[in-house]
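These notes are about the structure you will find just below.
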Amino acid sequence: MQGELEHDQIVAVIKQADIVICTFAYPQVMEQLKIIDAIKVAGNIKVMNTSKFIFKDKESVSPKHR
(Lines give C-alpha, C1' and ligand atoms only; values in the text may rest on other atoms or scores of the structure.)
Protein backbone atom coordinates (compact mmCIF):
# COMPACT_ATOMS: atom_id res chain seq x y z
CA MET A 1 0.00 0.00 0.00
CA GLN A 2 1.15 3.53 -0.66
CA GLY A 3 0.33 6.94 0.71
CA GLU A 4 -0.90 8.10 4.10
CA LEU A 5 -2.92 5.42 5.88
CA GLU A 6 -5.21 5.71 8.87
CA HIS A 7 -4.53 3.55 11.95
CA ASP A 8 -7.40 1.13 11.23
CA GLN A 9 -6.17 0.66 7.65
CA ILE A 10 -2.67 -0.15 8.89
CA VAL A 11 -4.08 -2.65 11.41
CA ALA A 12 -6.13 -4.34 8.65
CA VAL A 13 -3.02 -4.76 6.49
CA ILE A 14 -0.90 -5.97 9.42
CA LYS A 15 -3.49 -8.64 10.27
CA GLN A 16 -2.75 -10.23 6.87
CA ALA A 17 0.95 -10.72 7.62
CA ASP A 18 3.19 -12.78 9.91
CA ILE A 19 6.37 -10.74 9.47
CA VAL A 20 6.95 -7.00 9.00
CA ILE A 21 10.15 -5.60 7.50
CA CYS A 22 10.30 -1.83 7.68
CA THR A 23 12.71 -0.09 5.29
CA PHE A 24 11.85 3.56 5.76
CA ALA A 25 14.70 5.93 5.00
CA TYR A 26 15.64 9.04 6.94
CA PRO A 27 13.67 11.26 7.72
CA GLN A 28 10.61 8.97 7.50
CA VAL A 29 12.13 6.43 9.88
CA MET A 30 9.97 7.70 12.77
CA GLU A 31 6.84 6.89 10.75
CA GLN A 32 7.44 3.24 11.64
CA LEU A 33 5.99 4.04 15.07
CA LYS A 34 2.56 3.96 13.41
CA ILE A 35 3.31 0.44 12.22
CA ILE A 36 4.53 -0.61 15.66
CA ASP A 37 1.29 0.68 17.22
CA ALA A 38 -0.74 -1.26 14.65
CA ILE A 39 1.27 -4.44 15.35
CA LYS A 40 0.40 -4.16 19.03
CA VAL A 41 -3.30 -3.90 18.18
CA ALA A 42 -3.27 -6.66 15.56
CA GLY A 43 -1.41 -9.04 17.88
CA ASN A 44 -0.39 -11.52 15.20
CA ILE A 45 3.08 -10.45 14.09
CA LYS A 46 5.81 -12.91 15.00
CA VAL A 47 8.79 -10.86 13.76
CA MET A 48 9.34 -7.18 13.00
CA ASN A 49 12.59 -5.85 11.62
CA THR A 50 12.69 -2.11 12.24
CA SER A 51 14.38 0.34 9.93
CA LYS A 52 17.89 1.32 10.85
CA PHE A 53 18.42 3.82 8.03
CA ILE A 54 19.05 6.88 10.17
CA PHE A 55 21.94 8.56 8.35
CA LYS A 56 21.37 12.04 6.98
CA ASP A 57 24.23 11.99 4.45
CA LYS A 58 27.13 9.91 3.16
CA GLU A 59 29.56 11.55 5.58
CA SER A 60 27.59 10.03 8.47
CA VAL A 61 28.41 6.54 7.18
CA SER A 62 31.84 4.98 7.53
CA PRO A 63 33.73 4.55 4.21
CA LYS A 64 33.49 0.78 4.65
CA HIS A 65 29.68 0.94 4.38
CA ARG A 66 29.28 3.48 1.57
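FYI, nothing fancy with the C-alpha coordinates labels: chains A, B, ... in order, residues from 1 per chain, ligands from 1 as they appear.
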Write out as a list in words the residues lying within 12 Å of A:Leu5, counting only C-alpha atoms and excluding same-chain residues fewer than 4 positions away.
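Neighbouring residues, sequence-local ones excluded: Met1, Gln9, Ile10, Val11, Ala12, Val13, Glu31, Lys34, Ile35 and Ala38 of chain A.
Shortest atom-to-atom contact with A:Met30 among A:Glu4, A:Asp18, A:Ser51, A:Lys46: A:Ser51, counting only C-alpha atoms.
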Compile the contact shell of stretch 19-24 of chain A as a list in words: residues with an atom at most 9 Å away, counting only C-alpha atoms, same-chain residues fewer than 5 positions apart removed.
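Those residues are Ile14, Val29, Met30, Glu31, Gln32, Ile35, Ile39, Asn44, Ile45, Lys46, Val47, Met48, Asn49, Thr50, Ser51, Lys52 and Phe53 of chain A.
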Please save N, CA and C atoms of the selected residues as an mmCIF file, in the first residue's frame.
data_model
loop_
_atom_site.group_PDB
_atom_site.id
_atom_site.type_symbol
_atom_site.label_atom_id
_atom_site.label_comp_id
_atom_site.auth_asym_id
_atom_site.auth_seq_id
_atom_site.Cartn_x
_atom_site.Cartn_y
_atom_site.Cartn_z
ATOM 1 N N ILE A 14 -1.779 -5.206 8.530
ATOM 2 C CA ILE A 14 -0.896 -5.971 9.423
ATOM 3 C C ILE A 14 -1.516 -7.323 9.771
ATOM 4 N N VAL A 29 11.914 7.577 9.000
ATOM 5 C CA VAL A 29 12.126 6.432 9.882
ATOM 6 C C VAL A 29 11.205 6.461 11.101
ATOM 7 N N MET A 30 10.851 7.623 11.600
ATOM 8 C CA MET A 30 9.973 7.705 12.771
ATOM 9 C C MET A 30 8.525 7.333 12.444
ATOM 10 N N GLU A 31 8.191 7.294 11.158
ATOM 11 C CA GLU A 31 6.841 6.891 10.752
ATOM 12 C C GLU A 31 6.573 5.424 11.083
ATOM 13 N N GLN A 32 7.642 4.647 11.313
ATOM 14 C CA GLN A 32 7.438 3.242 11.636
ATOM 15 C C GLN A 32 6.751 3.064 12.997
ATOM 16 N N ILE A 35 3.359 1.876 12.498
ATOM 17 C CA ILE A 35 3.309 0.440 12.215
ATOM 18 C C ILE A 35 3.448 -0.350 13.504
ATOM 19 N N ILE A 39 0.858 -3.069 15.028
ATOM 20 C CA ILE A 39 1.271 -4.437 15.354
ATOM 21 C C ILE A 39 0.778 -4.816 16.739
ATOM 22 N N ASN A 44 -0.733 -10.289 15.901
ATOM 23 C CA ASN A 44 -0.394 -11.524 15.199
ATOM 24 C C ASN A 44 1.019 -11.569 14.632
ATOM 25 N N ILE A 45 1.750 -10.498 14.708
ATOM 26 C CA ILE A 45 3.085 -10.452 14.091
ATOM 27 C C ILE A 45 4.093 -11.203 14.954
ATOM 28 N N LYS A 46 4.817 -12.109 14.307
ATOM 29 C CA LYS A 46 5.808 -12.915 14.997
ATOM 30 C C LYS A 46 7.186 -12.257 14.983
ATOM 31 N N VAL A 47 7.478 -11.500 13.917
ATOM 32 C CA VAL A 47 8.786 -10.855 13.764
ATOM 33 C C VAL A 47 8.588 -9.487 13.124
ATOM 34 N N MET A 48 9.283 -8.481 13.663
ATOM 35 C CA MET A 48 9.345 -7.177 13.002
ATOM 36 C C MET A 48 10.791 -6.744 12.971
ATOM 37 N N ASN A 49 11.244 -6.388 11.799
ATOM 38 C CA ASN A 49 12.586 -5.848 11.620
ATOM 39 C C ASN A 49 12.431 -4.355 11.389
ATOM 40 N N THR A 50 12.847 -3.558 12.366
ATOM 41 C CA THR A 50 12.687 -2.114 12.245
ATOM 42 C C THR A 50 13.769 -1.518 11.357
ATOM 43 N N SER A 51 13.452 -0.360 10.801
ATOM 44 C CA SER A 51 14.381 0.344 9.931
ATOM 45 C C SER A 51 15.537 0.905 10.736
ATOM 46 N N LYS A 52 16.712 0.787 10.190
ATOM 47 C CA LYS A 52 17.891 1.323 10.853
ATOM 48 C C LYS A 52 18.586 2.350 9.960
ATOM 49 N N PHE A 53 17.870 2.841 8.963
ATOM 50 C CA PHE A 53 18.416 3.822 8.034
ATOM 51 C C PHE A 53 18.253 5.213 8.622
#
